[in-house]
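Here the structure is laid out as C-alpha cells; the discussion comes afterwards.
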Amino acid sequence: MAESVKMQFEVLYRAGTKSFPDQAADLAAALDGIGAVHQQWYEPTVRAGSPPALAQALEINRTVYGLLRRAVLSFQDAASAVVLITKDFQARDAEARDAMHALGIKESDIQAPPMAAPPTFGQATS
Amino acid sequence: MTRPDGGGGGISFDYSDQRFETVTDEIEDLLADLMGIEAAAEMFRTHLVSLKLHHEGEQVAPTVRPISLPASKPFTVYPILPEPPFDTSGDQQSYQDWINEAYAAGAQSAAGTGAWLRSIMDNFHLVDAEALINGADQQAGLVIQHGTTLTANLGEVNAALADEWDWDGDSMDAFFTWVAVADAAPAAMLLFAYAAQSSVAKAGAAIGATQEAMMQQAENARDALKATIKAWRDDADAFPFPPGSGWTFKDIGTEIGGVIESKVQALSDTLPDLGPLGNLGKDWALDKVTGTLISKIPAVKPATLTYKILTTLEANEVEVEKQPTAQVIIDTVEQTFRDIAKEGDAAVTTAGEGMAALAASLHDADQLVMPRPDPTPAGHYERD
C-alpha cells in the first residue's frame with residue numbers, strides 16, 4: 001500500500017465526514033449570530049430614521065447573511081460530494097481500500113453527519 | 001463582552017426613554033404654571049394701563065388687594081389695584097375671576113410642549129443605543145470567533161484530488177473552482193460583517209451621547225423652570241411685576257399712584273400690540289372686553305423689561321435677579337435640543353461614512369457568491 005494513497009484517502013475521508021461539515025456548521029453558527037444581531041439592530045435603526053450608518057449596516061448584514069447561507073449549503077454539498085468520491089475511491093481501488101482498513105475505518109463510516117439547511121433570511125428574522 | 005476594537009464592555013448611557021418622557025412632561029407642567037403666572041401678571045399690568053386710560057382725568061385710589069394666584073401650588077399675590085369701575089360690591093371676586101382666567105389661558109399655551117420637545121429629538125428618543133452597541137459587540141465577537149475557525153483542509157483536499165487521481169467528467173474542474181472560492185470568500189464575508197458592526201457601534205455611541213446631552217439639558221430646563229416659579233412665589237408682593245424687578249409692596253411706599261403709573265408705563269412699552277383694543281380709550285368697557293383681552297394676551301411673549309435672559313440653562317446659575325421668562329426658557333430648550341440633534345445627526349452621519357459604498361461593493365461582489373458543487377457528481381474517481 002502506497003503511503004500517498006493512504007494519505008490521500010485519509011484527507012478525503014476527513015474532509016467529507018468531518019472538516020467540511022464542521023466548516024458548514026461553523027458558518028451556520030456565524031449566520032445564526034448575524035441574523036440575531038440584525039433583529040437587534042432593526043427597530044433602533046427604524047426609530048433613528050434609518051441613517052446610512054445603520055441602514056447600510058443592516059443591508060450589509062442582510063447580504064452577508066445570504067452569502068453565508070449559500071456558503072453553508074456549499075460546504076454541505078462539498079461534504080456530500082467528497083464522501084461520494086471517498087466511497088467510490090475505496091470501492092474501485094484496492095490500495096485505497098487497504099488504506100481504509102489500515103486506518104480502522106469501515107465503509108459504513110464514510111458518511112457525512114446530518115446537515116440541516118440553515119433558515120433563509122426571512123425565516124431567521126421573522 | 002468587550003469589543004475587540006476597544007469599545008463596548010457593557011456600555012450604558014445616563015438616559016432612558018421613560019426618564020426623558022417624565023422630564024419633558026414635567027417641563028410641560030412647569031411651563032404651564034409659569035406661563036399662567038406670567039399671563040396673569042401681564043393681564044394685571046395691562047389693566048392698570050387700561051384703567052388709567054379709563055379714568056383719565058379722574059383720581060383713582062389704588063390699594064393692595066390680595067388675590068390667590070391659582071398656580072399648581074396656589075399662592076397669594078399682593079397687587080396694588082385701583083377701584084374697579086365695574087362692580088362696587090364684589091371687586092375682589094372679580095379680580096380673582098380675572099386672574100383665574102388669565103392663568104388658565106396662559107397655562108393652556110404650554111399644552112403639548114412635552115410631546116413637541118420629544119418630537120425635536122425624534123431620531124434619538126426611543127432609540128435603544130445600548131441594543132445597537134450590544135449587537136455590534138456580539139457581531140464583532142462572532143466575526144473573530146468564526147473567522148479564526150475557517151480552517152477546512154481545502155488545500156489538502158485539493159492536492160489529494162489533483163495529485164495522481166482524476167474524477168472524470170466536469171465535476172472535477174467544478175470542484176477545483178469551488179475550492180478556490182471557498183478558501184477565501186467566507187473570510188471576506190465576515191470582514192464585511194465586521195465593517196457593519198463597526199459602523200453600528202459608532203452610530204450607537206453617537207446616539208447614546210446625544211441622548212445623554214438631551215437628558216441633561218431637559219433636566220436643566222426643568223430645574224430652571226422650578227427656580228423661576230419659585231422666584232415668582234418668593235417675590236409675590238411684587239406682583240404683577242416680575243421677580244427681580246426690584247418693585248415690591250414694601251418698596252413702593254406712599255407715592256403709590258405715581259410709582260405704579262411710571263412702572264406701568266414703562267412696562268406697557270413691552271406689552272404686545274393690542275391692536276384696536278389699545279385705542280379704545282374712554283370707551284373701553286372692561287366688562288365686555290375682558291374675555292377678548294385675555295384671549296388676546298399672547299402669554300408666550302415675554303415682557304423683558306427687567307428680565308435678564310439666561311444664555312445657559314445651568315440651574316445653578318439661576319438667580320432671582322436673573323429670571324428668564326417661560327418663553328425664554330422654552331426657546332432656549334428648543335434651540336438647545338435642535339443644536340444637540342444637529343450635532344448628533346452629524347456624528348451619526350460620520351459613523352456611516354463609506355457604508356453606502358461598502359454596501360454597494362458587497363452587492364456587486366459576485367466572487368463572494370460561492371458555487372454549489374454537485375453533491376452527487378457523476379463519474380468515477382480513477383488513477384491517471
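Residue numbering restarts at 1 in every chain; chains get A, B, ... in the order shown in the C-alpha cells, and ligands count up from 1 in that same order.
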
If you take only C-alpha atoms and a cut-off of 7 Å, which residues of chain A touch chain B, and what are their nearest atom pairs and distances in Å to one decimal, in chain and number order, as a Markdown table?
```
| residue | atom | partner | partner_atom | distance |
| --- | --- | --- | --- | --- |
| A:Gln8 | CA | B:Ala160 | CA | 5.1 |
| A:Val11 | CA | B:Val157 | CA | 6.1 |
| A:Leu12 | CA | B:Val157 | CA | 6.1 |
| A:Ala15 | CA | B:Asn153 | CA | 6.8 |
| A:Ser19 | CA | B:Ala152 | CA | 5.4 |
| A:Phe20 | CA | B:Ala152 | CA | 6.1 |
| A:Gln23 | CA | B:Ala152 | CA | 6.1 |
| A:Asp26 | CA | B:His146 | CA | 6.6 |
| A:Ala30 | CA | B:Leu142 | CA | 6.1 |
| A:Gly33 | CA | B:Leu142 | CA | 6.9 |
| A:Ile34 | CA | B:Gln139 | CA | 6.4 |
| A:Val37 | CA | B:Gly135 | CA | 5.1 |
| A:Gln40 | CA | B:Gly135 | CA | 6.2 |
| A:Trp41 | CA | B:Leu132 | CA | 5.5 |
| A:Pro44 | CA | B:Val127 | CA | 4.9 |
| A:Arg47 | CA | B:Val127 | CA | 5.6 |
| A:Ala48 | CA | B:Asn123 | CA | 4.2 |
| A:Gly49 | CA | B:Asn123 | CA | 5.7 |
| A:Pro51 | CA | B:Thr349 | CA | 7.0 |
| A:Pro52 | CA | B:Gly352 | CA | 5.4 |
| A:Ala53 | CA | B:Gly352 | CA | 3.4 |
| A:Leu54 | CA | B:Val200 | CA | 5.6 |
| A:Gln56 | CA | B:Met355 | CA | 5.8 |
| A:Ala57 | CA | B:Ala196 | CA | 4.5 |
| A:Glu59 | CA | B:Ala359 | CA | 6.7 |
| A:Ile60 | CA | B:Ala359 | CA | 5.5 |
| A:Asn61 | CA | B:Ala193 | CA | 6.1 |
| A:Val64 | CA | B:Met189 | CA | 5.9 |
| A:Leu67 | CA | B:Val369 | CA | 6.0 |
| A:Leu68 | CA | B:Pro186 | CA | 6.8 |
| A:Arg70 | CA | B:Met370 | CA | 6.5 |
| A:Ala71 | CA | B:Met370 | CA | 5.8 |
| A:Ser74 | CA | B:Arg372 | CA | 4.8 |
| A:Asp77 | CA | B:Pro375 | CA | 4.6 |
| A:Ala78 | CA | B:Pro373 | CA | 5.8 |
| A:Ser80 | CA | B:Pro375 | CA | 5.0 |
| A:Ala81 | CA | B:Pro375 | CA | 4.3 |
| A:Leu84 | CA | B:Thr376 | CA | 6.8 |
| A:Ile85 | CA | B:Tyr381 | CA | 6.4 |
| A:Asp88 | CA | B:Tyr381 | CA | 6.4 |
| A:Phe89 | CA | B:Tyr381 | CA | 5.8 |
```

If you run DSSP on the backbone, which residues of chain A are helix (DSSP H, G or I), as JSON, numbers by chain?
{"A": [3, 4, 5, 6, 7, 8, 9, 10, 11, 12, 13, 14, 15, 16, 17, 18, 19, 20, 21, 22, 23, 24, 25, 26, 27, 28, 29, 30, 31, 32, 33, 34, 35, 36, 37, 38, 39, 40, 41, 42, 43, 44, 45, 46, 47, 52, 53, 54, 55, 56, 57, 58, 59, 60, 61, 62, 63, 64, 65, 66, 67, 68, 69, 70, 71, 72, 73, 74, 75, 76, 77, 78, 79, 80, 81, 82, 83, 84, 85, 86, 87, 88, 89, 90, 91, 92, 94, 95, 96, 97, 98, 99, 100, 101, 102, 107, 108, 109, 121, 122, 123, 124, 125]}

List the neighbours of Ile329 of chain B out to 8 Å using only C-alpha atoms; skip same-chain residues closer than 2 positions along the sequence, and give me the result as an MDAnalysis selection string.
chainID B and resid 221 224:225 310 313 324:327 331:333

Residues from last step as file, N, CA and C atoms, as a compact mmCIF listing (two decimals), in the first residue's frame:
```
# COMPACT_ATOMS: atom_id res chain seq x y z
N ALA B 221 -33.42 72.39 32.13
CA ALA B 221 -34.57 73.25 31.82
C ALA B 221 -35.65 73.11 32.89
N ALA B 224 -34.52 75.00 35.84
CA ALA B 224 -34.62 76.45 35.62
C ALA B 224 -36.07 76.91 35.77
N LEU B 225 -37.00 76.13 35.26
CA LEU B 225 -38.42 76.48 35.40
C LEU B 225 -38.83 76.46 36.87
N LEU B 310 -31.28 84.35 30.34
CA LEU B 310 -30.23 83.36 30.55
C LEU B 310 -29.74 82.85 29.21
N LEU B 313 -28.69 77.12 30.51
CA LEU B 313 -29.75 76.53 31.32
C LEU B 313 -29.18 75.87 32.56
N PRO B 324 -35.36 84.07 33.83
CA PRO B 324 -35.82 84.09 32.45
C PRO B 324 -37.34 83.91 32.43
N THR B 325 -37.95 84.38 31.38
CA THR B 325 -39.38 84.12 31.24
C THR B 325 -39.57 82.69 30.76
N ALA B 326 -40.82 82.26 30.84
CA ALA B 326 -41.13 80.91 30.36
C ALA B 326 -40.74 80.76 28.90
N GLN B 327 -41.02 81.82 28.12
CA GLN B 327 -40.74 81.73 26.69
C GLN B 327 -39.24 81.67 26.42
N ASP B 331 -37.71 78.61 24.59
CA ASP B 331 -36.96 78.89 23.35
C ASP B 331 -35.54 78.35 23.45
N THR B 332 -34.96 78.56 24.63
CA THR B 332 -33.59 78.08 24.83
C THR B 332 -33.54 76.56 24.77
N VAL B 333 -34.55 75.93 25.40
CA VAL B 333 -34.61 74.46 25.35
C VAL B 333 -34.73 73.99 23.91
```

Counting only C-alpha atoms, the residue of B:Ala341, B:Ala238, B:Ala71, B:Ala107 that sits nearest Gly208 of chain B:
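Under the stated criterion, the closest residue is B:Ala341.
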
Leaving out segment 109-126 of chain A and any residue of its chain fewer than 2 positions from it, which residues lie within 7 Å of it when counting only C-alpha atoms, given as a CSV table (one decimal) with all heavy atoms, in the first residue's frame?
```
chain,number,residue,atom,x,y,z
A,13,TYR,N,-11.4,11.3,3.3
A,13,TYR,CA,-12.3,10.8,4.3
A,13,TYR,C,-12.6,11.9,5.4
A,13,TYR,O,-13.7,12.2,5.8
A,13,TYR,CB,-11.8,9.6,5.0
A,13,TYR,CG,-12.5,9.1,6.2
A,13,TYR,CD1,-13.7,8.4,6.1
A,13,TYR,CD2,-12.0,9.4,7.5
A,13,TYR,CE1,-14.4,8.0,7.2
A,13,TYR,CE2,-12.7,9.0,8.6
A,13,TYR,CZ,-13.9,8.3,8.5
A,13,TYR,OH,-14.6,7.9,9.6
A,16,GLY,N,-14.7,14.9,4.0
A,16,GLY,CA,-16.1,14.6,3.7
A,16,GLY,C,-16.9,14.4,5.0
A,16,GLY,O,-18.1,14.8,5.1
A,17,THR,N,-16.3,13.7,6.0
A,17,THR,CA,-17.0,13.4,7.2
A,17,THR,C,-16.9,14.3,8.3
A,17,THR,O,-17.7,14.3,9.3
A,17,THR,CB,-16.6,12.0,7.6
A,17,THR,OG1,-15.2,12.0,8.0
A,17,THR,CG2,-16.8,10.9,6.6
A,21,PRO,N,-18.2,19.3,6.9
A,21,PRO,CA,-19.4,19.5,7.8
A,21,PRO,C,-19.1,20.5,8.9
A,21,PRO,O,-20.0,21.3,9.3
A,21,PRO,CB,-19.7,18.1,8.3
A,21,PRO,CG,-19.1,17.2,7.2
A,21,PRO,CD,-17.9,17.9,6.8
A,28,ALA,N,-22.7,28.2,9.8
A,28,ALA,CA,-24.1,28.3,10.2
A,28,ALA,C,-24.2,29.0,11.5
A,28,ALA,O,-25.2,29.8,11.7
A,28,ALA,CB,-24.7,26.9,10.2
A,35,GLY,N,-28.0,36.9,12.0
A,35,GLY,CA,-29.4,37.0,11.9
A,35,GLY,C,-30.0,37.6,13.2
A,35,GLY,O,-30.8,38.5,13.2
A,39,GLN,N,-31.7,41.4,13.8
A,39,GLN,CA,-33.0,41.7,14.5
A,39,GLN,C,-32.8,42.7,15.6
A,39,GLN,O,-33.7,43.5,15.9
A,39,GLN,CB,-33.6,40.4,15.1
A,39,GLN,CG,-34.2,39.5,14.1
A,39,GLN,CD,-34.9,38.3,14.8
A,39,GLN,OE1,-34.2,37.5,15.4
A,39,GLN,NE2,-36.2,38.2,14.7
A,65,TYR,N,-25.6,37.7,5.2
A,65,TYR,CA,-26.4,36.5,5.6
A,65,TYR,C,-26.7,35.6,4.4
A,65,TYR,O,-26.5,34.4,4.5
A,65,TYR,CB,-27.8,37.0,6.2
A,65,TYR,CG,-28.5,35.8,6.9
A,65,TYR,CD1,-28.5,35.6,8.2
A,65,TYR,CD2,-29.3,35.0,6.1
A,65,TYR,CE1,-29.2,34.5,8.8
A,65,TYR,CE2,-30.0,34.0,6.6
A,65,TYR,CZ,-30.0,33.7,8.0
A,65,TYR,OH,-30.6,32.7,8.5
A,66,GLY,N,-27.1,36.3,3.3
A,66,GLY,CA,-27.4,35.5,2.1
A,66,GLY,C,-26.2,34.7,1.6
A,66,GLY,O,-26.3,33.6,1.2
A,69,ARG,N,-25.2,32.0,4.0
A,69,ARG,CA,-26.1,30.8,3.9
A,69,ARG,C,-25.8,30.0,2.7
A,69,ARG,O,-25.7,28.7,2.8
A,69,ARG,CB,-27.6,31.3,3.8
A,69,ARG,CG,-28.6,30.2,3.8
A,69,ARG,CD,-30.0,30.7,3.8
A,69,ARG,NE,-30.9,29.6,3.8
A,69,ARG,CZ,-31.3,28.9,2.8
A,69,ARG,NH1,-30.9,29.2,1.6
A,69,ARG,NH2,-32.1,27.8,2.9
A,73,LEU,N,-24.5,26.0,2.6
A,73,LEU,CA,-25.0,25.0,1.7
A,73,LEU,C,-23.9,24.4,0.8
A,73,LEU,O,-23.9,23.2,0.5
A,73,LEU,CB,-26.2,25.5,0.9
A,73,LEU,CG,-27.4,26.0,1.7
A,73,LEU,CD1,-28.4,26.8,0.8
A,73,LEU,CD2,-28.1,24.8,2.3
A,76,GLN,N,-21.8,22.1,2.7
A,76,GLN,CA,-22.6,20.8,2.9
A,76,GLN,C,-22.6,20.0,1.6
A,76,GLN,O,-22.4,18.8,1.6
A,76,GLN,CB,-24.0,21.1,3.3
A,76,GLN,CG,-24.1,21.7,4.7
A,76,GLN,CD,-25.6,22.1,5.1
A,76,GLN,OE1,-26.4,22.2,4.2
A,76,GLN,NE2,-25.8,22.4,6.4
A,79,ALA,N,-19.2,18.5,1.1
A,79,ALA,CA,-19.0,17.3,2.0
A,79,ALA,C,-19.7,16.1,1.4
A,79,ALA,O,-19.1,15.0,1.4
A,79,ALA,CB,-19.6,17.6,3.4
A,80,SER,N,-20.9,16.2,0.9
A,80,SER,CA,-21.6,15.1,0.3
A,80,SER,C,-20.8,14.6,-0.9
A,80,SER,O,-20.7,13.4,-1.1
A,80,SER,CB,-23.0,15.5,-0.1
A,80,SER,OG,-23.7,15.9,1.0
A,83,VAL,N,-17.6,12.8,0.2
A,83,VAL,CA,-18.0,11.5,0.8
A,83,VAL,C,-18.2,10.5,-0.4
A,83,VAL,O,-17.8,9.3,-0.3
A,83,VAL,CB,-19.3,11.6,1.7
A,83,VAL,CG1,-19.9,10.2,1.9
A,83,VAL,CG2,-18.9,12.2,3.0
A,87,LYS,N,-16.0,7.1,-1.1
A,87,LYS,CA,-16.6,5.8,-1.2
A,87,LYS,C,-16.3,5.1,-2.5
A,87,LYS,O,-15.9,3.9,-2.6
A,87,LYS,CB,-18.2,5.9,-1.1
A,87,LYS,CG,-18.7,6.1,0.3
A,87,LYS,CD,-20.2,6.1,0.3
A,87,LYS,CE,-20.8,6.1,1.7
A,87,LYS,NZ,-22.3,6.2,1.7
A,105,ILE,N,-11.1,2.3,9.5
A,105,ILE,CA,-12.3,2.9,9.0
A,105,ILE,C,-13.2,1.8,8.3
A,105,ILE,O,-12.6,1.1,7.5
A,105,ILE,CB,-12.1,4.1,8.1
A,105,ILE,CG1,-11.3,5.1,8.8
A,105,ILE,CG2,-13.4,4.6,7.6
A,105,ILE,CD1,-10.7,6.2,7.9
A,106,LYS,N,-14.4,1.8,8.7
A,106,LYS,CA,-15.3,0.8,8.0
A,106,LYS,C,-16.1,1.6,6.8
A,106,LYS,O,-16.2,2.8,6.9
A,106,LYS,CB,-16.4,0.3,8.9
A,106,LYS,CG,-15.8,-0.7,10.0
A,106,LYS,CD,-16.8,-1.2,10.9
A,106,LYS,CE,-17.2,-0.1,11.9
A,106,LYS,NZ,-18.0,-0.6,13.0
A,107,GLU,N,-16.5,0.9,5.9
A,107,GLU,CA,-17.2,1.5,4.7
A,107,GLU,C,-18.4,2.3,5.2
A,107,GLU,O,-18.7,3.4,4.7
A,107,GLU,CB,-17.6,0.5,3.7
A,107,GLU,CG,-18.2,1.1,2.4
A,107,GLU,CD,-18.6,0.1,1.4
A,107,GLU,OE1,-18.2,-1.1,1.6
A,107,GLU,OE2,-19.2,0.5,0.4
```

Two-atom distance - atom CA of Phe75 of chain A, atom CA of Asp364 of chain B (Å)
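Atom CA of Asp364 of chain B lies at a distance of 22.3 Å from atom CA of Phe75 of chain A.
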
Expressed in Å to a single decimal, how great is the separation between atom CA of Ala231 of chain B and atom CA of Arg338 of chain B?
28.0 Å

For atom CA of Met35 of chain B and atom CA of Gln108 of chain B, quote the distance in Å rounded to one decimal.
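Computing the Euclidean distance for atom CA of Met35 of chain B and atom CA of Gln108 of chain B yields 8.3 Å.
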
Which residues are close to Ala115 of chain B, i.e. within 9 Å by only C-alpha atoms, leaving aside same-chain residues fewer than 2 positions away? Reply as a PyMOL selection string.
chain B and resi 21+24-25+28+112-113+117-120

With only C-alpha atoms as the counted atoms, please give the residues lying no more than 9 Å from Leu69 of chain B, apart from itself and same-chain residues fewer than 3 positions off, as a list in words.
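Everything that qualifies: Ile37, Ala40, Lys73, Pro74, Phe75, Thr76, Val77, Gln96, Ile99, Asn100 and Tyr103 of chain B.
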
I need the residues from that last selection saved to file as a PDB file, in the first residue's frame (with all heavy atoms), if you can.
```pdb
ATOM      1  N   ILE B  37     -48.766  82.057  35.318  1.00  0.00           N
ATOM      2  CA  ILE B  37     -48.389  83.145  36.243  1.00  0.00           C
ATOM      3  C   ILE B  37     -48.059  84.408  35.453  1.00  0.00           C
ATOM      4  O   ILE B  37     -48.511  85.518  35.770  1.00  0.00           O
ATOM      5  CB  ILE B  37     -47.186  82.711  37.116  1.00  0.00           C
ATOM      6  CG1 ILE B  37     -47.598  81.582  38.072  1.00  0.00           C
ATOM      7  CG2 ILE B  37     -46.617  83.900  37.879  1.00  0.00           C
ATOM      8  CD1 ILE B  37     -46.429  80.906  38.771  1.00  0.00           C
ATOM      9  N   ALA B  40     -51.126  86.004  33.934  1.00  0.00           N
ATOM     10  CA  ALA B  40     -51.907  86.707  34.951  1.00  0.00           C
ATOM     11  C   ALA B  40     -51.254  88.047  35.282  1.00  0.00           C
ATOM     12  O   ALA B  40     -51.928  89.089  35.362  1.00  0.00           O
ATOM     13  CB  ALA B  40     -52.034  85.844  36.201  1.00  0.00           C
ATOM     14  N   LYS B  73     -49.338  75.146  42.804  1.00  0.00           N
ATOM     15  CA  LYS B  73     -49.393  75.338  44.252  1.00  0.00           C
ATOM     16  C   LYS B  73     -49.817  76.788  44.442  1.00  0.00           C
ATOM     17  O   LYS B  73     -48.981  77.694  44.370  1.00  0.00           O
ATOM     18  CB  LYS B  73     -48.039  75.080  44.901  1.00  0.00           C
ATOM     19  CG  LYS B  73     -47.613  73.622  44.874  1.00  0.00           C
ATOM     20  CD  LYS B  73     -46.263  73.455  45.546  1.00  0.00           C
ATOM     21  CE  LYS B  73     -45.815  72.005  45.496  1.00  0.00           C
ATOM     22  NZ  LYS B  73     -44.453  71.818  46.038  1.00  0.00           N
ATOM     23  N   PRO B  74     -51.113  77.035  44.667  1.00  0.00           N
ATOM     24  CA  PRO B  74     -51.591  78.417  44.729  1.00  0.00           C
ATOM     25  C   PRO B  74     -50.854  79.251  45.771  1.00  0.00           C
ATOM     26  O   PRO B  74     -50.458  78.732  46.824  1.00  0.00           O
ATOM     27  CB  PRO B  74     -53.067  78.249  45.098  1.00  0.00           C
ATOM     28  CG  PRO B  74     -53.421  76.874  44.648  1.00  0.00           C
ATOM     29  CD  PRO B  74     -52.185  76.058  44.865  1.00  0.00           C
ATOM     30  N   PHE B  75     -50.654  80.514  45.439  1.00  0.00           N
ATOM     31  CA  PHE B  75     -50.050  81.416  46.413  1.00  0.00           C
ATOM     32  C   PHE B  75     -50.707  82.789  46.262  1.00  0.00           C
ATOM     33  O   PHE B  75     -51.290  83.098  45.225  1.00  0.00           O
ATOM     34  CB  PHE B  75     -48.532  81.495  46.246  1.00  0.00           C
ATOM     35  CG  PHE B  75     -48.050  81.969  44.903  1.00  0.00           C
ATOM     36  CD1 PHE B  75     -47.623  83.289  44.711  1.00  0.00           C
ATOM     37  CD2 PHE B  75     -47.984  81.101  43.824  1.00  0.00           C
ATOM     38  CE1 PHE B  75     -47.161  83.718  43.482  1.00  0.00           C
ATOM     39  CE2 PHE B  75     -47.521  81.524  42.583  1.00  0.00           C
ATOM     40  CZ  PHE B  75     -47.104  82.835  42.411  1.00  0.00           C
ATOM     41  N   THR B  76     -50.595  83.548  47.334  1.00  0.00           N
ATOM     42  CA  THR B  76     -51.250  84.852  47.353  1.00  0.00           C
ATOM     43  C   THR B  76     -50.303  85.921  46.812  1.00  0.00           C
ATOM     44  O   THR B  76     -49.129  85.962  47.174  1.00  0.00           O
ATOM     45  CB  THR B  76     -51.678  85.221  48.787  1.00  0.00           C
ATOM     46  OG1 THR B  76     -52.570  84.209  49.261  1.00  0.00           O
ATOM     47  CG2 THR B  76     -52.384  86.569  48.828  1.00  0.00           C
ATOM     48  N   VAL B  77     -50.859  86.760  45.944  1.00  0.00           N
ATOM     49  CA  VAL B  77     -50.093  87.893  45.440  1.00  0.00           C
ATOM     50  C   VAL B  77     -50.747  89.165  45.961  1.00  0.00           C
ATOM     51  O   VAL B  77     -51.904  89.149  46.389  1.00  0.00           O
ATOM     52  CB  VAL B  77     -50.044  87.884  43.897  1.00  0.00           C
ATOM     53  CG1 VAL B  77     -49.263  86.677  43.401  1.00  0.00           C
ATOM     54  CG2 VAL B  77     -51.452  87.891  43.295  1.00  0.00           C
ATOM     55  N   GLN B  96     -60.331  88.213  41.190  1.00  0.00           N
ATOM     56  CA  GLN B  96     -59.985  86.797  41.302  1.00  0.00           C
ATOM     57  C   GLN B  96     -60.410  86.040  40.043  1.00  0.00           C
ATOM     58  O   GLN B  96     -59.675  85.189  39.535  1.00  0.00           O
ATOM     59  CB  GLN B  96     -60.667  86.180  42.528  1.00  0.00           C
ATOM     60  CG  GLN B  96     -60.245  84.722  42.810  1.00  0.00           C
ATOM     61  CD  GLN B  96     -58.776  84.618  43.167  1.00  0.00           C
ATOM     62  OE1 GLN B  96     -58.326  85.258  44.118  1.00  0.00           O
ATOM     63  NE2 GLN B  96     -58.027  83.848  42.405  1.00  0.00           N
ATOM     64  N   ILE B  99     -57.864  86.785  37.307  1.00  0.00           N
ATOM     65  CA  ILE B  99     -56.571  86.123  37.445  1.00  0.00           C
ATOM     66  C   ILE B  99     -56.709  84.627  37.137  1.00  0.00           C
ATOM     67  O   ILE B  99     -55.829  84.013  36.547  1.00  0.00           O
ATOM     68  CB  ILE B  99     -55.950  86.383  38.847  1.00  0.00           C
ATOM     69  CG1 ILE B  99     -54.431  86.178  38.779  1.00  0.00           C
ATOM     70  CG2 ILE B  99     -56.549  85.480  39.911  1.00  0.00           C
ATOM     71  CD1 ILE B  99     -53.702  86.668  40.018  1.00  0.00           C
ATOM     72  N   ASN B 100     -57.870  84.111  37.544  1.00  0.00           N
ATOM     73  CA  ASN B 100     -58.107  82.685  37.243  1.00  0.00           C
ATOM     74  C   ASN B 100     -58.141  82.453  35.731  1.00  0.00           C
ATOM     75  O   ASN B 100     -57.528  81.519  35.217  1.00  0.00           O
ATOM     76  CB  ASN B 100     -59.427  82.223  37.847  1.00  0.00           C
ATOM     77  CG  ASN B 100     -59.391  82.148  39.363  1.00  0.00           C
ATOM     78  OD1 ASN B 100     -58.310  82.236  39.969  1.00  0.00           O
ATOM     79  ND2 ASN B 100     -60.547  82.020  39.982  1.00  0.00           N
ATOM     80  N   TYR B 103     -54.674  83.054  34.143  1.00  0.00           N
ATOM     81  CA  TYR B 103     -53.764  81.933  34.436  1.00  0.00           C
ATOM     82  C   TYR B 103     -54.112  80.746  33.546  1.00  0.00           C
ATOM     83  O   TYR B 103     -53.229  80.122  32.937  1.00  0.00           O
ATOM     84  CB  TYR B 103     -53.853  81.520  35.903  1.00  0.00           C
ATOM     85  CG  TYR B 103     -53.009  80.303  36.217  1.00  0.00           C
ATOM     86  CD1 TYR B 103     -51.665  80.446  36.558  1.00  0.00           C
ATOM     87  CD2 TYR B 103     -53.540  79.025  36.134  1.00  0.00           C
ATOM     88  CE1 TYR B 103     -50.871  79.330  36.802  1.00  0.00           C
ATOM     89  CE2 TYR B 103     -52.762  77.903  36.377  1.00  0.00           C
ATOM     90  CZ  TYR B 103     -51.431  78.063  36.724  1.00  0.00           C
ATOM     91  OH  TYR B 103     -50.656  76.960  36.955  1.00  0.00           O
TER      92      TYR B 103
END
```
